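For reference, data34.tsv is printed below; it contains TSV, C-alpha atoms and all ligand atoms.
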```tsv
chain	number	residue	atom	x	y	z
A	1079	MET	CA	67.57	-51.36	225.43
A	1080	VAL	CA	63.96	-50.30	225.72
A	1081	ASP	CA	62.01	-53.49	226.30
A	1082	ASN	CA	58.59	-52.19	225.39
A	1083	ASN	CA	59.66	-51.07	221.90
A	1084	MET	CA	61.23	-54.28	220.67
A	1085	PRO	CA	60.87	-54.96	216.97
A	1086	LYS	CA	58.61	-57.96	216.60
A	1087	HIS	CA	60.14	-59.00	213.29
A	1088	VAL	CA	63.76	-58.35	212.31
A	1089	ALA	CA	64.96	-59.09	208.75
A	1090	VAL	CA	68.67	-59.30	208.00
A	1091	ILE	CA	70.67	-59.09	204.78
A	1092	MET	CA	73.78	-60.94	205.91
A	1093	ASP	CA	76.34	-59.33	203.60
A	1094	GLY	CA	80.13	-59.09	203.53
A	1095	ASN	CA	81.33	-62.69	203.87
A	1096	GLY	CA	83.42	-62.45	200.70
A	1097	ARG	CA	85.10	-59.18	201.70
A	1098	TRP	CA	85.80	-60.54	205.18
A	1099	ALA	CA	87.61	-63.51	203.62
A	1100	LYS	CA	89.43	-61.30	201.14
A	1101	LYS	CA	90.76	-59.11	203.95
A	1102	LYS	CA	92.20	-62.20	205.58
A	1103	ASN	CA	93.48	-63.68	202.31
A	1104	ILE	CA	91.49	-66.85	202.74
A	1105	PRO	CA	88.99	-68.57	200.37
A	1106	ARG	CA	85.52	-67.03	200.07
A	1107	VAL	CA	83.87	-70.18	201.36
A	1108	MET	CA	85.70	-69.65	204.66
A	1109	GLY	CA	84.00	-66.29	204.81
A	1110	HIS	CA	80.67	-68.05	204.41
A	1111	ASN	CA	81.66	-70.46	207.17
A	1112	ALA	CA	82.43	-67.55	209.49
A	1113	GLY	CA	79.13	-66.00	208.40
A	1114	MET	CA	77.31	-69.12	209.49
A	1115	GLN	CA	78.91	-68.86	212.95
A	1116	ALA	CA	77.69	-65.27	213.18
A	1117	MET	CA	74.21	-66.39	212.16
A	1118	LYS	CA	74.17	-68.93	215.01
A	1119	LYS	CA	75.00	-66.15	217.49
A	1120	ILE	CA	72.31	-63.84	216.16
A	1121	VAL	CA	69.64	-66.55	216.29
A	1122	ILE	CA	70.37	-67.20	219.96
A	1123	ALA	CA	70.68	-63.46	220.71
A	1124	SER	CA	67.31	-62.79	219.05
A	1125	SER	CA	65.70	-65.49	221.09
A	1126	GLN	CA	67.22	-64.11	224.33
A	1127	ILE	CA	66.26	-60.51	223.58
A	1128	GLY	CA	62.66	-61.52	222.94
A	1129	ILE	CA	62.33	-60.97	219.21
A	1130	LYS	CA	59.48	-63.07	217.85
A	1131	TYR	CA	60.48	-63.36	214.17
A	1132	LEU	CA	63.93	-63.34	212.59
A	1133	THR	CA	64.24	-63.64	208.80
A	1134	VAL	CA	67.70	-63.95	207.26
A	1135	TYR	CA	68.72	-63.73	203.62
A	1136	ALA	CA	71.00	-66.71	203.04
A	1137	PHE	CA	70.90	-67.14	199.25
A	1138	SER	CA	69.17	-65.02	196.62
A	1139	THR	CA	67.72	-66.00	193.24
A	1140	GLU	CA	70.58	-63.93	191.79
A	1141	ASN	CA	73.33	-65.70	193.75
A	1142	TRP	CA	73.32	-68.56	191.19
A	1143	LYS	CA	75.47	-66.21	189.08
A	1144	ARG	CA	78.44	-67.09	191.33
A	1145	SER	CA	80.88	-69.93	190.65
A	1146	SER	CA	79.59	-73.48	191.17
A	1147	GLU	CA	82.33	-73.88	193.76
A	1148	GLU	CA	81.01	-71.01	195.86
A	1149	VAL	CA	77.35	-71.98	195.42
A	1150	GLY	CA	78.09	-75.63	196.31
A	1151	GLY	CA	80.11	-74.45	199.30
A	1152	ILE	CA	77.20	-72.39	200.61
A	1153	PHE	CA	74.80	-75.35	200.39
A	1154	ASN	CA	77.30	-77.65	202.09
A	1155	LEU	CA	77.53	-75.17	204.93
A	1156	LEU	CA	73.77	-75.31	205.27
A	1157	ILE	CA	74.00	-79.07	205.81
A	1158	LYS	CA	76.78	-78.54	208.34
A	1159	TYR	CA	74.68	-75.93	210.14
A	1160	VAL	CA	71.72	-78.27	210.49
A	1161	ASN	CA	73.91	-81.13	211.73
A	1162	SER	CA	75.60	-79.03	214.38
A	1163	GLU	CA	72.69	-76.80	215.45
A	1164	LEU	CA	69.59	-78.91	215.54
A	1165	LYS	CA	69.89	-79.70	219.22
A	1166	GLU	CA	70.64	-76.14	220.28
A	1167	LEU	CA	67.73	-74.80	218.21
A	1168	ASN	CA	65.39	-77.25	219.91
A	1169	ASP	CA	66.87	-76.48	223.34
A	1170	ASN	CA	66.10	-72.82	222.67
A	1171	ASN	CA	62.58	-73.59	221.45
A	1172	VAL	CA	63.32	-72.11	217.99
A	1173	LYS	CA	60.98	-72.94	215.10
A	1174	VAL	CA	62.59	-72.87	211.66
A	1175	ASN	CA	60.80	-72.05	208.40
A	1176	SER	CA	62.15	-71.54	204.95
A	1177	ILE	CA	61.06	-68.99	202.36
A	1178	GLY	CA	62.06	-69.17	198.71
A	1179	ASP	CA	62.06	-72.00	196.20
A	1180	TYR	CA	64.24	-74.59	197.80
A	1181	SER	CA	63.13	-77.28	195.34
A	1182	LEU	CA	66.09	-76.19	193.20
A	1183	LEU	CA	68.68	-76.94	195.87
A	1184	PRO	CA	70.84	-80.08	195.70
A	1185	LYS	CA	68.89	-83.00	197.14
A	1186	SER	CA	71.11	-83.40	200.22
A	1187	ALA	CA	70.66	-79.76	201.24
A	1188	ARG	CA	66.94	-79.87	200.49
A	1189	ASN	CA	66.47	-82.94	202.68
A	1190	LYS	CA	68.45	-81.41	205.54
A	1191	LEU	CA	66.42	-78.25	205.41
A	1192	GLN	CA	63.21	-80.28	205.44
A	1193	ASP	CA	64.50	-82.24	208.49
A	1194	LEU	CA	65.22	-78.98	210.25
A	1195	ILE	CA	61.75	-77.63	209.55
A	1196	ASP	CA	60.02	-80.89	210.53
A	1197	SER	CA	61.94	-81.41	213.74
A	1198	THR	CA	61.40	-77.86	215.03
A	1199	LYS	CA	57.77	-77.47	213.93
A	1200	ASP	CA	56.25	-77.79	217.42
A	1201	ASN	CA	58.54	-75.19	219.03
A	1202	ASP	CA	56.83	-71.94	219.98
A	1203	GLY	CA	59.72	-69.60	220.73
A	1204	LEU	CA	61.59	-67.55	218.13
A	1205	ILE	CA	60.39	-68.11	214.57
A	1206	PHE	CA	63.51	-68.25	212.43
A	1207	ASN	CA	62.91	-67.93	208.68
A	1208	ILE	CA	65.76	-68.75	206.33
A	1209	ALA	CA	65.43	-67.21	202.86
A	1210	ILE	CA	67.07	-69.58	200.41
A	1211	ASN	CA	66.84	-69.24	196.66
A	1212	TYR	CA	64.59	-66.33	197.58
A	1213	GLY	CA	63.80	-63.29	195.41
A	1214	GLY	CA	61.17	-60.69	196.23
A	1215	ARG	CA	59.98	-60.34	192.64
A	1216	ALA	CA	59.82	-64.10	192.09
A	1217	GLU	CA	57.81	-64.38	195.32
A	1218	ILE	CA	55.21	-61.85	194.13
A	1219	VAL	CA	54.95	-63.43	190.66
A	1220	ARG	CA	54.49	-66.88	192.19
A	1221	GLY	CA	51.82	-65.57	194.55
A	1222	VAL	CA	49.86	-63.79	191.82
A	1223	ASN	CA	50.01	-66.87	189.59
A	1224	ASN	CA	48.62	-68.97	192.45
A	1225	LEU	CA	45.78	-66.48	192.90
A	1226	ILE	CA	44.97	-66.68	189.17
A	1227	ALA	CA	45.13	-70.50	189.26
A	1228	ASN	CA	42.61	-70.40	192.11
A	1229	GLY	CA	40.25	-68.33	189.98
A	1230	LYS	CA	40.75	-65.04	191.86
A	1231	SER	CA	39.88	-61.83	190.08
A	1232	GLU	CA	39.87	-58.28	191.48
A	1233	ILE	CA	43.00	-59.05	193.45
A	1234	THR	CA	43.39	-57.00	196.65
A	1235	GLU	CA	46.49	-56.07	198.68
A	1236	GLU	CA	45.39	-58.57	201.27
A	1237	ASP	CA	45.18	-61.32	198.63
A	1238	ILE	CA	48.74	-60.62	197.49
A	1239	ALA	CA	50.07	-60.48	201.06
A	1240	ASN	CA	48.39	-63.82	201.82
A	1241	SER	CA	49.82	-65.41	198.66
A	1242	LEU	CA	53.46	-64.71	199.60
A	1243	TYR	CA	55.70	-67.22	201.40
A	1244	THR	CA	55.19	-65.13	204.54
A	1245	GLY	CA	51.39	-65.26	204.08
A	1246	ASP	CA	48.93	-68.12	204.55
A	1247	GLU	CA	51.58	-70.83	204.19
A	1248	LEU	CA	53.41	-69.68	207.33
A	1249	GLY	CA	50.42	-68.39	209.27
A	1250	ASN	CA	50.82	-64.76	208.19
A	1251	ILE	CA	54.11	-63.47	209.48
A	1252	PRO	CA	53.86	-59.73	210.27
A	1253	ASP	CA	55.93	-57.39	208.06
A	1254	PRO	CA	59.47	-56.71	209.30
A	1255	ASP	CA	59.71	-53.74	211.68
A	1256	LEU	CA	63.44	-53.52	211.14
A	1257	LEU	CA	65.61	-54.44	208.16
A	1258	ILE	CA	69.34	-54.65	208.87
A	1259	ARG	CA	72.04	-54.81	206.21
A	1260	THR	CA	75.69	-55.31	207.07
A	1261	SER	CA	78.91	-54.54	205.14
A	1262	GLY	CA	78.16	-50.93	204.27
A	1263	GLU	CA	75.97	-51.68	201.23
A	1264	GLU	CA	72.73	-49.74	201.29
A	1265	ARG	CA	70.31	-51.52	198.97
A	1266	ILE	CA	67.54	-54.09	199.24
A	1267	SER	CA	68.85	-56.60	196.62
A	1268	ASN	CA	65.43	-58.13	195.97
A	1269	PHE	CA	64.71	-59.02	199.61
A	1270	LEU	CA	61.13	-58.88	201.00
A	1271	LEU	CA	60.09	-56.18	198.52
A	1272	TRP	CA	56.40	-56.27	199.40
A	1273	GLN	CA	56.85	-56.80	203.14
A	1274	CYS	CA	59.34	-53.93	203.67
A	1275	ALA	CA	56.95	-51.20	202.54
A	1276	TYR	CA	57.14	-49.54	206.00
A	1277	SER	CA	60.14	-51.23	207.59
A	1278	GLU	CA	62.88	-49.15	209.20
A	1279	PHE	CA	66.23	-49.71	207.46
A	1280	VAL	CA	69.40	-49.73	209.56
A	1281	PHE	CA	72.82	-50.15	207.95
A	1282	THR	CA	76.16	-50.98	209.50
A	1283	ASP	CA	79.70	-51.18	208.09
A	1284	VAL	CA	80.38	-54.32	210.12
A	1285	LEU	CA	80.97	-57.31	207.83
A	1286	TRP	CA	78.54	-60.12	208.59
A	1287	PRO	CA	81.13	-62.58	210.02
A	1288	ASP	CA	82.05	-59.91	212.60
A	1289	MET	CA	78.45	-59.47	213.73
A	1290	ASP	CA	77.79	-60.20	217.39
A	1291	LYS	CA	75.12	-59.63	220.02
A	1292	GLU	CA	76.54	-56.26	221.07
A	1293	GLU	CA	76.40	-54.85	217.53
A	1294	PHE	CA	72.96	-56.39	217.02
A	1295	VAL	CA	71.66	-54.67	220.17
A	1296	ARG	CA	73.21	-51.38	218.99
A	1297	LEU	CA	71.27	-51.64	215.72
A	1298	ILE	CA	68.06	-52.40	217.60
A	1299	ASN	CA	68.67	-49.31	219.73
A	1300	ILE	CA	68.90	-47.24	216.54
A	1301	TYR	CA	65.57	-48.71	215.46
A	1302	GLN	CA	64.09	-47.79	218.84
A	1303	SER	CA	65.08	-44.16	218.36
A	1304	ARG	CA	63.15	-43.89	215.08
A	1305	ASN	CA	59.76	-42.29	214.73
A	1306	ARG	CA	57.50	-44.44	212.57
A	1307	ARG	CA	54.72	-42.50	210.89
A	1308	TYR	CA	53.25	-44.75	208.16
A	1309	GLY	CA	52.32	-41.70	206.15
A	1310	GLY	CA	50.47	-40.08	209.02
A	1311	ARG	CA	51.58	-37.43	211.51
A	1312	SER	CA	53.48	-38.13	214.68
B	1401	LIG	C1	76.79	-62.52	201.69
B	1401	LIG	O1	78.15	-62.31	201.54
B	1401	LIG	C2	76.42	-63.98	201.57
B	1401	LIG	C3	75.76	-64.33	200.31
B	1401	LIG	C4	75.39	-63.50	199.39
B	1401	LIG	C5	75.50	-65.74	200.08
B	1401	LIG	P1	78.82	-62.03	200.12
B	1401	LIG	O2	79.34	-63.33	199.59
B	1401	LIG	O3	77.88	-61.33	199.23
B	1401	LIG	O4	80.02	-61.10	200.54
B	1401	LIG	P2	80.60	-59.87	199.71
B	1401	LIG	O5	79.47	-58.95	199.42
B	1401	LIG	O6	81.19	-60.45	198.45
B	1401	LIG	O7	81.62	-59.28	200.61
B	1402	LIG	C1	72.28	-60.14	199.04
B	1402	LIG	O1	73.65	-59.95	198.98
B	1402	LIG	C2	71.95	-61.60	199.16
B	1402	LIG	C3	72.33	-62.24	200.41
B	1402	LIG	C4	72.88	-61.66	201.44
B	1402	LIG	C5	72.03	-63.65	200.49
B	1402	LIG	P1	74.44	-59.85	197.60
B	1402	LIG	O2	75.87	-59.69	197.96
B	1402	LIG	O3	74.09	-61.01	196.72
B	1402	LIG	O4	73.83	-58.54	196.95
B	1402	LIG	P2	74.44	-57.51	195.91
B	1402	LIG	O5	74.88	-58.31	194.73
B	1402	LIG	O6	75.59	-56.84	196.58
B	1402	LIG	O7	73.34	-56.55	195.62
B	1403	MG	MG	77.52	-59.36	198.96
```
Same coordinates, now as structure tokens:
Amino acid sequence: MVDNNMPKHVAVIMDGNGRWAKKKNIPRVMGHNAGMQAMKKIVIASSQIGIKYLTVYAFSTENWKRSSEEVGGIFNLLIKYVNSELKELNDNNVKVNSIGDYSLLPKSARNKLQDLIDSTKDNDGLIFNIAINYGGRAEIVRGVNNLIANGKSEITEEDIANSLYTGDELGNIPDPDLLIRTSGEERISNFLLWQCAYSEFVFTDVLWPDMDKEEFVRLINIYQSRNRRYGGRS
């Protein structure tokens, strides 16, 4: 791995939990549980490799279309994650943020998430953003409405960027350098629409629960072989 060309911000669409469970003939929620274990590994790996920002897509504004059993199962896993990981996150100096409208989550999950954010707020290592009830379009609409409410006219690109979850509220997180999607799907599914304008996309067939540090490093190596031009000439 080339150390001087590390992506500063890696965004991940953690996809394939359902298919992983299906392959094993076990309930979908067990796939989500295995997915959570993979997420733990990738958080620690990111911190070890020296990535500054990791943003993961955990639940989209469209995922409410799933059964209440599956949706409830995902939120329960979030609570389990916080209970089991809080110490390790603090030991690794990880600071957790959330993006998306988590006011709509069940109260127990909302409170846990808030605990996690509060108790890691002074850490200055990896910044780990969890996107929950997040949608890229909803994020832009919310931001623009806030600008209007604040009496802004002649809205600039900078204004919109600042109005997003990743903007002023979280101290202006830089746009993702690398967007990873697992499970062989090659689409953005309403994730970080504004922020990914010039991100490099890397796809892998690996299902998210099978993700590990070795595969993660392989994907970063692919990123490092890319030539980013931003519309200019290399
Ligand atoms: C991703 O896995 C996790 C969430 C969307 C919450 P999926 O549940 O989408 O898994 P597949 O795509 O059905 O395999
Ligand atoms: C995207 O995956 C959302 C998350 C990983 C949380 P989906 O499985 O919901 O996306 P589609 O439906 O395949 O586009
Ligand atoms: Mg999916």
_Who sits within 6 Å of region 1284-1292 of chain A, only C-alpha atoms, same chain under 4 positions skipped, as a list in words_ =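 The neighbour list is Met1092, Asp1093, Gly1094, Ala1112, Gly1113, Ala1116, Ala1123, Thr1260 and Ser1261 of chain A.
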C-alpha atoms of the current selection, written as a PDB file, in the coordinates of the input:
```
ATOM      1  CA  MET A1092      73.780 -60.940 205.910  1.00  0.00           C
ATOM      2  CA  ASP A1093      76.340 -59.330 203.600  1.00  0.00           C
ATOM      3  CA  GLY A1094      80.130 -59.090 203.530  1.00  0.00           C
ATOM      4  CA  ALA A1112      82.430 -67.550 209.490  1.00  0.00           C
ATOM      5  CA  GLY A1113      79.130 -66.000 208.400  1.00  0.00           C
ATOM      6  CA  ALA A1116      77.690 -65.270 213.180  1.00  0.00           C
ATOM      7  CA  ALA A1123      70.680 -63.460 220.710  1.00  0.00           C
ATOM      8  CA  THR A1260      75.690 -55.310 207.070  1.00  0.00           C
ATOM      9  CA  SER A1261      78.910 -54.540 205.140  1.00  0.00           C
TER      10      SER A1261
END
```
*Go through the chains and note each residue within 12 Å of ligand LIG 1402 (chain B), using only C-alpha atoms and all ligand atoms, then give the set as a ChimeraX atom specification.*
/A:1089-1097,1110,1113-1114,1117,1133-1144,1149,1152,1178,1208-1214,1258-1270,1285-1287
Save out the residues we just selected, C-alpha atoms, as a JSON list (two decimals), keeping the file's coordinate frame.
```json
[["chain", "number", "residue", "atom", "x", "y", "z"],
["A", 1089, "ALA", "CA", 64.96, -59.09, 208.75],
["A", 1090, "VAL", "CA", 68.67, -59.30, 208.00],
["A", 1091, "ILE", "CA", 70.67, -59.09, 204.78],
["A", 1092, "MET", "CA", 73.78, -60.94, 205.91],
["A", 1093, "ASP", "CA", 76.34, -59.33, 203.60],
["A", 1094, "GLY", "CA", 80.13, -59.09, 203.53],
["A", 1095, "ASN", "CA", 81.33, -62.69, 203.87],
["A", 1096, "GLY", "CA", 83.42, -62.45, 200.70],
["A", 1097, "ARG", "CA", 85.10, -59.18, 201.70],
["A", 1110, "HIS", "CA", 80.67, -68.05, 204.41],
["A", 1113, "GLY", "CA", 79.13, -66.00, 208.40],
["A", 1114, "MET", "CA", 77.31, -69.12, 209.49],
["A", 1117, "MET", "CA", 74.21, -66.39, 212.16],
["A", 1133, "THR", "CA", 64.24, -63.64, 208.80],
["A", 1134, "VAL", "CA", 67.70, -63.95, 207.26],
["A", 1135, "TYR", "CA", 68.72, -63.73, 203.62],
["A", 1136, "ALA", "CA", 71.00, -66.71, 203.04],
["A", 1137, "PHE", "CA", 70.90, -67.14, 199.25],
["A", 1138, "SER", "CA", 69.17, -65.02, 196.62],
["A", 1139, "THR", "CA", 67.72, -66.00, 193.24],
["A", 1140, "GLU", "CA", 70.58, -63.93, 191.79],
["A", 1141, "ASN", "CA", 73.33, -65.70, 193.75],
["A", 1142, "TRP", "CA", 73.32, -68.56, 191.19],
["A", 1143, "LYS", "CA", 75.47, -66.21, 189.08],
["A", 1144, "ARG", "CA", 78.44, -67.09, 191.33],
["A", 1149, "VAL", "CA", 77.35, -71.98, 195.42],
["A", 1152, "ILE", "CA", 77.20, -72.39, 200.61],
["A", 1178, "GLY", "CA", 62.06, -69.17, 198.71],
["A", 1208, "ILE", "CA", 65.76, -68.75, 206.33],
["A", 1209, "ALA", "CA", 65.43, -67.21, 202.86],
["A", 1210, "ILE", "CA", 67.07, -69.58, 200.41],
["A", 1211, "ASN", "CA", 66.84, -69.24, 196.66],
["A", 1212, "TYR", "CA", 64.59, -66.33, 197.58],
["A", 1213, "GLY", "CA", 63.80, -63.29, 195.41],
["A", 1214, "GLY", "CA", 61.17, -60.69, 196.23],
["A", 1258, "ILE", "CA", 69.34, -54.65, 208.87],
["A", 1259, "ARG", "CA", 72.04, -54.81, 206.21],
["A", 1260, "THR", "CA", 75.69, -55.31, 207.07],
["A", 1261, "SER", "CA", 78.91, -54.54, 205.14],
["A", 1262, "GLY", "CA", 78.16, -50.93, 204.27],
["A", 1263, "GLU", "CA", 75.97, -51.68, 201.23],
["A", 1264, "GLU", "CA", 72.73, -49.74, 201.29],
["A", 1265, "ARG", "CA", 70.31, -51.52, 198.97],
["A", 1266, "ILE", "CA", 67.54, -54.09, 199.24],
["A", 1267, "SER", "CA", 68.85, -56.60, 196.62],
["A", 1268, "ASN", "CA", 65.43, -58.13, 195.97],
["A", 1269, "PHE", "CA", 64.71, -59.02, 199.61],
["A", 1270, "LEU", "CA", 61.13, -58.88, 201.00],
["A", 1285, "LEU", "CA", 80.97, -57.31, 207.83],
["A", 1286, "TRP", "CA", 78.54, -60.12, 208.59],
["A", 1287, "PRO", "CA", 81.13, -62.58, 210.02]]
```
*Leu1256 (chain A): which residues within 12 Å, counting only C-alpha atoms, same-chain residues fewer than 3 positions away excluded, as a ChimeraX atom specification?*
/A:1083-1091,1129,1131-1134,1252-1253,1259,1270,1273-1281,1294,1297-1304,1306
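Take CA of Arg1188 (chain A) and CA of Asp1200 (chain A): the distance between them is 20.1 Å.
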_Using all atoms listed in the file: which of A:Phe1206, A:Phe1153, A:Trp1098, A:Tyr1308 has the shortest distance to Leu1182 (chain A)_ =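 So, comparing all the options, the nearest one is A:Phe1153.
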*asked:* Could you tell me how far CA of Ile1157 (chain A) sits from CA of Ala1187 (chain A), in Å to one decimal place?
replied: 5.7 Å
_Restricting the calculation to all atoms listed in the file: of A:Ala1239, A:Ala1227, A:Ala1099, A:Ile1251, which residue gets closest to ligand MG 1403 (chain B)?_
A:Ala1099
Repair of region 1287-1309 of chain A at the level of N, CA, C and O atoms, as a short mmCIF file (atom, residue, chain, number, x, y, z; two decimals), keeping the file's coordinate frame:
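Produced file rebuild-v8.cif, reproduced below:
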```cif
data_model
loop_
_atom_site.label_atom_id
_atom_site.label_comp_id
_atom_site.auth_asym_id
_atom_site.auth_seq_id
_atom_site.Cartn_x
_atom_site.Cartn_y
_atom_site.Cartn_z
N PRO A 1287 80.46 -61.65 209.10
CA PRO A 1287 81.13 -62.58 210.02
C PRO A 1287 81.57 -61.93 211.33
O PRO A 1287 81.82 -62.64 212.32
N ASP A 1288 81.67 -60.60 211.36
CA ASP A 1288 82.05 -59.91 212.60
C ASP A 1288 80.84 -59.50 213.44
O ASP A 1288 81.00 -58.87 214.49
N MET A 1289 79.67 -59.86 213.00
CA MET A 1289 78.45 -59.47 213.73
C MET A 1289 78.38 -60.24 215.05
O MET A 1289 78.66 -61.43 215.11
N ASP A 1290 77.99 -59.52 216.11
CA ASP A 1290 77.79 -60.20 217.39
C ASP A 1290 76.60 -59.58 218.11
O ASP A 1290 75.97 -58.64 217.61
N LYS A 1291 76.31 -60.09 219.29
CA LYS A 1291 75.12 -59.63 220.02
C LYS A 1291 75.20 -58.14 220.33
O LYS A 1291 74.20 -57.42 220.21
N GLU A 1292 76.39 -57.67 220.70
CA GLU A 1292 76.54 -56.26 221.07
C GLU A 1292 76.18 -55.34 219.90
O GLU A 1292 75.44 -54.36 220.06
N GLU A 1293 76.70 -55.66 218.72
CA GLU A 1293 76.40 -54.85 217.53
C GLU A 1293 74.90 -54.98 217.17
O GLU A 1293 74.26 -54.00 216.81
N PHE A 1294 74.37 -56.15 217.32
CA PHE A 1294 72.96 -56.39 217.02
C PHE A 1294 72.08 -55.52 217.93
O PHE A 1294 71.15 -54.85 217.47
N VAL A 1295 72.42 -55.49 219.21
CA VAL A 1295 71.66 -54.67 220.17
C VAL A 1295 71.81 -53.18 219.83
O VAL A 1295 70.85 -52.42 219.90
N ARG A 1296 73.00 -52.79 219.38
CA ARG A 1296 73.21 -51.38 218.99
C ARG A 1296 72.27 -51.01 217.83
O ARG A 1296 71.67 -49.93 217.81
N LEU A 1297 72.14 -51.92 216.88
CA LEU A 1297 71.27 -51.64 215.72
C LEU A 1297 69.81 -51.59 216.15
O LEU A 1297 69.03 -50.78 215.64
N ILE A 1298 69.45 -52.44 217.09
CA ILE A 1298 68.06 -52.40 217.60
C ILE A 1298 67.81 -51.08 218.34
O ILE A 1298 66.74 -50.49 218.22
N ASN A 1299 68.82 -50.61 219.05
CA ASN A 1299 68.67 -49.31 219.73
C ASN A 1299 68.44 -48.18 218.72
O ASN A 1299 67.66 -47.26 218.99
N ILE A 1300 69.11 -48.26 217.58
CA ILE A 1300 68.90 -47.24 216.54
C ILE A 1300 67.44 -47.31 216.07
O ILE A 1300 66.75 -46.30 215.96
N TYR A 1301 66.98 -48.52 215.84
CA TYR A 1301 65.57 -48.71 215.46
C TYR A 1301 64.65 -48.06 216.49
O TYR A 1301 63.68 -47.37 216.16
N GLN A 1302 64.97 -48.28 217.77
CA GLN A 1302 64.09 -47.79 218.84
C GLN A 1302 64.06 -46.27 218.94
O GLN A 1302 63.15 -45.70 219.54
N SER A 1303 65.06 -45.63 218.32
CA SER A 1303 65.08 -44.16 218.36
C SER A 1303 64.32 -43.55 217.17
O SER A 1303 64.18 -42.34 217.07
N ARG A 1304 63.85 -44.39 216.27
CA ARG A 1304 63.15 -43.89 215.08
C ARG A 1304 61.69 -43.56 215.40
O ARG A 1304 61.09 -44.13 216.30
N ASN A 1305 61.15 -42.68 214.58
CA ASN A 1305 59.76 -42.29 214.73
C ASN A 1305 58.98 -42.79 213.51
O ASN A 1305 59.11 -42.26 212.42
N ARG A 1306 58.20 -43.83 213.71
CA ARG A 1306 57.50 -44.44 212.57
C ARG A 1306 56.17 -43.73 212.35
O ARG A 1306 55.39 -43.58 213.29
N ARG A 1307 55.93 -43.30 211.13
CA ARG A 1307 54.72 -42.50 210.89
C ARG A 1307 53.73 -43.14 209.92
O ARG A 1307 52.58 -42.73 209.85
N TYR A 1308 54.15 -44.07 209.11
CA TYR A 1308 53.25 -44.75 208.16
C TYR A 1308 52.44 -43.79 207.31
O TYR A 1308 51.29 -44.06 206.98
N GLY A 1309 53.03 -42.67 207.00
CA GLY A 1309 52.32 -41.70 206.15
C GLY A 1309 51.43 -40.74 206.91
O GLY A 1309 50.90 -39.79 206.33
#
```
